[in-house]
Amino acid sequence: MSAGAPEQGVAGRLSFLDRYLAVWILAAMAAGLGLGRLVPGLGDALATVTVSGVSLPIALGLLVMMYPVLAKVRYDRLDTVTRDRRLLLPSLLLNWVLGPALMFALAWMFLPDLPEYRTGLIIVGLARCIAMVIIWNDLACGHREAAAVLVALNSVFQVIAFSALGWFYLQVLPGWLGLEQTGLDVSVWEIARSVLIFLGIPLAAGYLTRRIGERAKGRTWYETRLIPRIGPFALYGLLFTIVVLFALQGGAITSQPFDVARIALPLLVYFVLMWAGSMLLGKAVGLDHPRTTTLAFTAAGNNFELAIAVAIAAFGATSGQALAGVVGPLIEVPVLIGLVHVALYARRYFTPPPPRTPHRRRSPPVPDTPQRPSVLFVCVHNAGRSQMAAALLTHLAGDRVHVRSAGSAPADTVNPAVVEALAEVGIDMSAEVPKVLTADAVRASDVVITMGCGDACPVFPGKRYLDWRLPDPAGRGVAAVRPIRDEIERRVRALIDAIAPQPDSIAQQPDA
């Protein structure tokens with residue numbers, strides 16, 4: 001894209017896999033349903049071996065899905081989340097008061113004549129999400145450390161409160177209201193075992209991977225080399241889990257389409273209301289976009305593997321309660337992947353977060369004269385593309401342009417391969433550190449150039465916004481970074497010609 005190209009939307013800035021993720025998920029659902037319907041005995045074969053009441057292939061898929069995301073968590077930053085009452089208290093309110101109550105009301109409102117499905121939906125509402133929400137949060141650029149804390153909090157409350165809430169919403173409250181009552185016999189150990197398997201194992205693996213990897217190779221290697229290699233397995237695990245899940249129940253779902261539709265409607269209303277209400281609440285209490293996103297997805301998602309396991313254990317694998325649990329992810333998956341895109345779009349309505357560590361420098365809102373244009377380069381980590389562009393523009397334009405760079409989620413250090421690639425052309429970046437994106441930096445800049453950071457950059461009238469779609473140098477060696485550097489230099493030269501051309505007497509001189 002040339003320097004004068006129009007700004008791209010969110011979809012245009014995502015990788016090929018991420019851009020069409022909704023397509024892959026729908027294809028995985030269709031493939032699973034087709035396999036379950038067309039291959040006799042496949043569902044029985046997949047259900048032969050179970051882990052805590054969940055099919056072994058599904059359990060393996062969940063573990064593979066969660067491990068890479070939990071390996072990305074900065075566990076040394078968890079204390080910044082645990083002290084944030086604006087996040088923790090709304091999360092407890094949404095997950096353990098409003099969520100179950102809303103699902104109870106919707107189940108009775110939409111399914112008054114279908115007690116088995118109604119009970120299954122209420123069980124889904126009691127099972128707060130501890131697994132798949134991790135990947136929705138990561139795709140939506142939520143706060144990883146906050147997600148880890150809230151999921152851990154949900155897991156503790158799940159062990160303590162699930163049975164009591166089941167008794168309350170299936171027996172006590174219906175009795176008070178003169179409605180039909182249902183019993184639910186599930187032990188605390190069954191719930192604790194599910195939590196330990198589906199959260200404890202990937203959490204321990206992710207924590208140990210970071211601790212061992214950083215000690216052995218350092219944080220820069222861990223963030224730029226290891227994480228890009230293991231990261232895609234989260235999506236592979238998600239797609240595999242979806243295929244197996246719907247293959248397991250494909251026959252039941254496709255043979256009862258009208259029942260599925262009736263179960264789906266209250267679920268659809270539930271997911272949208274919980275997510276939208278959580279986003280509004282997060283913004284109202286002053287949370288930034290990453291934490292508000294985490295609050296919304298942890299409140300809207302549900303622990304379908306626990307809900308299915310409880311329904312099967314209490315009512316049988318062919319029961320209506322179990323079918324309602326299976327329909328849960330059938331609706332949750334496409335709805336929440338759609339809400340991922342809504343969350344990315346909503347970033348423009350939030351003020352960027354403050355710096356995560358006190359040593360990180362902000363981009364200063366230095367005023368510029370009309371004769372000295374100001375350019376701000378923005379990427380996610382401010383460790384590669386935006387740093388190269390800022391260094392090259394400063395090198396080539398000198399004091400004719402004021403240059404800034406910043407990141408929507410800045411890293412701790414600049415990519416070493418980027419430092420080396422620029423050193424080859426005579427630019428020393430060894431003293432540079434990533435800086436956090438601020439609204440002041442955007443406001444003080446004439447031209448804002450984004451490089452794959454989505455819609456994190458705040459929008460102000462009168463500014464010129466461009467998007468340079470370039471490969472991310474993260475995880476690449478210097479040989480792969482050189483072509484990126486050269487392409488950035490070409491675009492920087494075109495930008496200089498557009499906003500700060502040299503006088504004729506200087507333009508003929510060679511570049512320094």
# chains A, B, ... in the order shown; residues from 1 in each chain; ligands from 1
>>> select_by_dssp(residues="range 399-438 of chain A", states="alpha helix (DSSP H)", output="ChimeraX atom specification")
/A:416-423
>>> write_last_selection(atoms="all heavy atoms", output="mmCIF file, in the first residue's frame")
data_model
loop_
_atom_site.group_PDB
_atom_site.id
_atom_site.type_symbol
_atom_site.label_atom_id
_atom_site.label_comp_id
_atom_site.auth_asym_id
_atom_site.auth_seq_id
_atom_site.Cartn_x
_atom_site.Cartn_y
_atom_site.Cartn_z
ATOM 1 N N PRO A 416 15.419 -7.536 18.665
ATOM 2 C CA PRO A 416 16.855 -7.485 18.358
ATOM 3 C C PRO A 416 17.163 -7.571 16.866
ATOM 4 O O PRO A 416 18.128 -6.956 16.386
ATOM 5 C CB PRO A 416 17.417 -8.698 19.109
ATOM 6 C CG PRO A 416 16.414 -8.996 20.168
ATOM 7 C CD PRO A 416 15.084 -8.613 19.599
ATOM 8 N N ALA A 417 16.360 -8.335 16.113
ATOM 9 C CA ALA A 417 16.592 -8.435 14.669
ATOM 10 C C ALA A 417 16.344 -7.096 13.988
ATOM 11 O O ALA A 417 17.006 -6.758 12.995
ATOM 12 C CB ALA A 417 15.692 -9.513 14.061
ATOM 13 N N VAL A 418 15.394 -6.310 14.501
ATOM 14 C CA VAL A 418 15.136 -4.979 13.962
ATOM 15 C C VAL A 418 16.316 -4.059 14.242
ATOM 16 O O VAL A 418 16.746 -3.287 13.379
ATOM 17 C CB VAL A 418 13.830 -4.414 14.569
ATOM 18 C CG1 VAL A 418 13.675 -2.932 14.278
ATOM 19 C CG2 VAL A 418 12.631 -5.188 14.047
ATOM 20 N N VAL A 419 16.844 -4.117 15.463
ATOM 21 C CA VAL A 419 18.019 -3.307 15.815
ATOM 22 C C VAL A 419 19.182 -3.633 14.897
ATOM 23 O O VAL A 419 19.874 -2.738 14.380
ATOM 24 C CB VAL A 419 18.404 -3.537 17.294
ATOM 25 C CG1 VAL A 419 19.690 -2.797 17.638
ATOM 26 C CG2 VAL A 419 17.274 -3.099 18.222
ATOM 27 N N GLU A 420 19.393 -4.932 14.655
ATOM 28 C CA GLU A 420 20.506 -5.349 13.806
ATOM 29 C C GLU A 420 20.292 -4.916 12.353
ATOM 30 O O GLU A 420 21.231 -4.456 11.683
ATOM 31 C CB GLU A 420 20.664 -6.871 13.879
ATOM 32 C CG GLU A 420 21.853 -7.401 13.084
ATOM 33 C CD GLU A 420 22.002 -8.907 13.217
ATOM 34 O OE1 GLU A 420 21.305 -9.515 14.066
ATOM 35 O OE2 GLU A 420 22.828 -9.485 12.465
ATOM 36 N N ALA A 421 19.068 -5.053 11.853
ATOM 37 C CA ALA A 421 18.789 -4.691 10.459
ATOM 38 C C ALA A 421 19.007 -3.194 10.229
ATOM 39 O O ALA A 421 19.511 -2.786 9.166
ATOM 40 C CB ALA A 421 17.358 -5.082 10.094
ATOM 41 N N LEU A 422 18.644 -2.355 11.188
ATOM 42 C CA LEU A 422 18.851 -0.920 11.023
ATOM 43 C C LEU A 422 20.300 -0.531 11.242
ATOM 44 O O LEU A 422 20.790 0.438 10.641
ATOM 45 C CB LEU A 422 17.939 -0.149 11.974
ATOM 46 C CG LEU A 422 16.473 -0.120 11.553
ATOM 47 C CD1 LEU A 422 15.639 0.623 12.575
ATOM 48 C CD2 LEU A 422 16.296 0.530 10.192
ATOM 49 N N ALA A 423 21.011 -1.267 12.075
ATOM 50 C CA ALA A 423 22.439 -0.993 12.253
ATOM 51 C C ALA A 423 23.190 -1.196 10.942
ATOM 52 O O ALA A 423 24.188 -0.511 10.672
ATOM 53 C CB ALA A 423 23.004 -1.893 13.345
#
>>> residues_around(residues="Leu392 in chain A", least_positions_apart="4", cutoff="7 Å", atoms="only C-alpha atoms", output="list in words")
Met388, Leu396 and Glu489 of chain A
>>> write_last_selection(atoms="N, CA and C atoms", output="mmCIF file, in the first residue's frame")
data_model
loop_
_atom_site.group_PDB
_atom_site.id
_atom_site.type_symbol
_atom_site.label_atom_id
_atom_site.label_comp_id
_atom_site.auth_asym_id
_atom_site.auth_seq_id
_atom_site.Cartn_x
_atom_site.Cartn_y
_atom_site.Cartn_z
ATOM 1 N N MET A 388 11.041 0.814 13.237
ATOM 2 C CA MET A 388 11.833 0.964 12.014
ATOM 3 C C MET A 388 11.382 2.182 11.220
ATOM 4 N N LEU A 396 16.093 10.035 7.444
ATOM 5 C CA LEU A 396 16.012 10.570 6.085
ATOM 6 C C LEU A 396 15.488 12.003 6.033
ATOM 7 N N GLU A 489 11.395 1.676 4.120
ATOM 8 C CA GLU A 489 12.180 2.811 3.632
ATOM 9 C C GLU A 489 11.572 3.395 2.351
#
>>> residues_around(residues="range 55-58 of chain A", least_positions_apart="4", cutoff="12 Å", atoms="only C-alpha atoms", output="number ranges by chain")
A: 43-51, 62-65, 131-132, 197-198, 237-249, 304-306, 308-309, 312, 317
>>> residues_around(residues="range 184-192 of chain A", least_positions_apart="3", cutoff="7 Å", atoms="only C-alpha atoms", output="list in words")
Val159, Ser163, Gly166, Trp167, Val195, Leu196, Val310 and Ala314 of chain A
>>> write_last_selection(atoms="all heavy atoms", output="mmCIF file, in the first residue's frame")
data_model
loop_
_atom_site.group_PDB
_atom_site.id
_atom_site.type_symbol
_atom_site.label_atom_id
_atom_site.label_comp_id
_atom_site.auth_asym_id
_atom_site.auth_seq_id
_atom_site.Cartn_x
_atom_site.Cartn_y
_atom_site.Cartn_z
ATOM 1 N N VAL A 159 -16.418 -24.347 42.025
ATOM 2 C CA VAL A 159 -16.324 -25.470 42.957
ATOM 3 C C VAL A 159 -17.201 -25.229 44.182
ATOM 4 O O VAL A 159 -17.890 -26.128 44.673
ATOM 5 C CB VAL A 159 -14.846 -25.681 43.372
ATOM 6 C CG1 VAL A 159 -14.765 -26.736 44.474
ATOM 7 C CG2 VAL A 159 -14.016 -26.105 42.170
ATOM 8 N N SER A 163 -23.142 -26.347 43.056
ATOM 9 C CA SER A 163 -24.190 -27.212 43.603
ATOM 10 C C SER A 163 -25.250 -26.400 44.339
ATOM 11 O O SER A 163 -26.455 -26.663 44.204
ATOM 12 C CB SER A 163 -23.573 -28.248 44.548
ATOM 13 O OG SER A 163 -22.717 -29.122 43.836
ATOM 14 N N GLY A 166 -27.364 -24.616 41.827
ATOM 15 C CA GLY A 166 -28.259 -25.573 41.178
ATOM 16 C C GLY A 166 -29.469 -25.881 42.044
ATOM 17 O O GLY A 166 -30.611 -25.937 41.558
ATOM 18 N N TRP A 167 -29.232 -26.086 43.334
ATOM 19 C CA TRP A 167 -30.336 -26.330 44.273
ATOM 20 C C TRP A 167 -31.269 -25.114 44.333
ATOM 21 O O TRP A 167 -32.487 -25.258 44.313
ATOM 22 C CB TRP A 167 -29.749 -26.638 45.645
ATOM 23 C CG TRP A 167 -30.734 -26.626 46.771
ATOM 24 C CD1 TRP A 167 -31.701 -27.552 47.032
ATOM 25 C CD2 TRP A 167 -30.848 -25.631 47.790
ATOM 26 N NE1 TRP A 167 -32.418 -27.205 48.159
ATOM 27 C CE2 TRP A 167 -31.914 -26.030 48.645
ATOM 28 C CE3 TRP A 167 -30.165 -24.450 48.084
ATOM 29 C CZ2 TRP A 167 -32.302 -25.275 49.759
ATOM 30 C CZ3 TRP A 167 -30.536 -23.711 49.184
ATOM 31 C CH2 TRP A 167 -31.598 -24.124 50.007
ATOM 32 N N VAL A 195 -12.656 -28.711 36.892
ATOM 33 C CA VAL A 195 -11.870 -27.467 36.928
ATOM 34 C C VAL A 195 -10.378 -27.777 36.901
ATOM 35 O O VAL A 195 -9.603 -27.135 36.169
ATOM 36 C CB VAL A 195 -12.243 -26.649 38.179
ATOM 37 C CG1 VAL A 195 -11.269 -25.501 38.375
ATOM 38 C CG2 VAL A 195 -13.661 -26.114 38.061
ATOM 39 N N LEU A 196 -9.940 -28.751 37.692
ATOM 40 C CA LEU A 196 -8.518 -29.085 37.750
ATOM 41 C C LEU A 196 -7.999 -29.565 36.402
ATOM 42 O O LEU A 196 -6.874 -29.240 36.009
ATOM 43 C CB LEU A 196 -8.281 -30.156 38.815
ATOM 44 C CG LEU A 196 -8.422 -29.694 40.276
ATOM 45 C CD1 LEU A 196 -8.342 -30.875 41.216
ATOM 46 C CD2 LEU A 196 -7.342 -28.671 40.606
ATOM 47 N N VAL A 310 -22.335 -32.579 33.624
ATOM 48 C CA VAL A 310 -23.320 -32.629 34.708
ATOM 49 C C VAL A 310 -24.661 -33.147 34.195
ATOM 50 O O VAL A 310 -25.314 -33.980 34.838
ATOM 51 C CB VAL A 310 -23.481 -31.234 35.344
ATOM 52 C CG1 VAL A 310 -24.699 -31.187 36.261
ATOM 53 C CG2 VAL A 310 -22.225 -30.859 36.117
ATOM 54 N N ALA A 314 -26.361 -36.561 35.534
ATOM 55 C CA ALA A 314 -27.598 -36.470 36.310
ATOM 56 C C ALA A 314 -28.813 -37.000 35.573
ATOM 57 O O ALA A 314 -29.734 -37.556 36.198
ATOM 58 C CB ALA A 314 -27.835 -35.016 36.727
#
>>> atom_distance(atom1="CA of Ile331 in chain A", atom2="CA of Gln256 in chain A")
15.2 Å
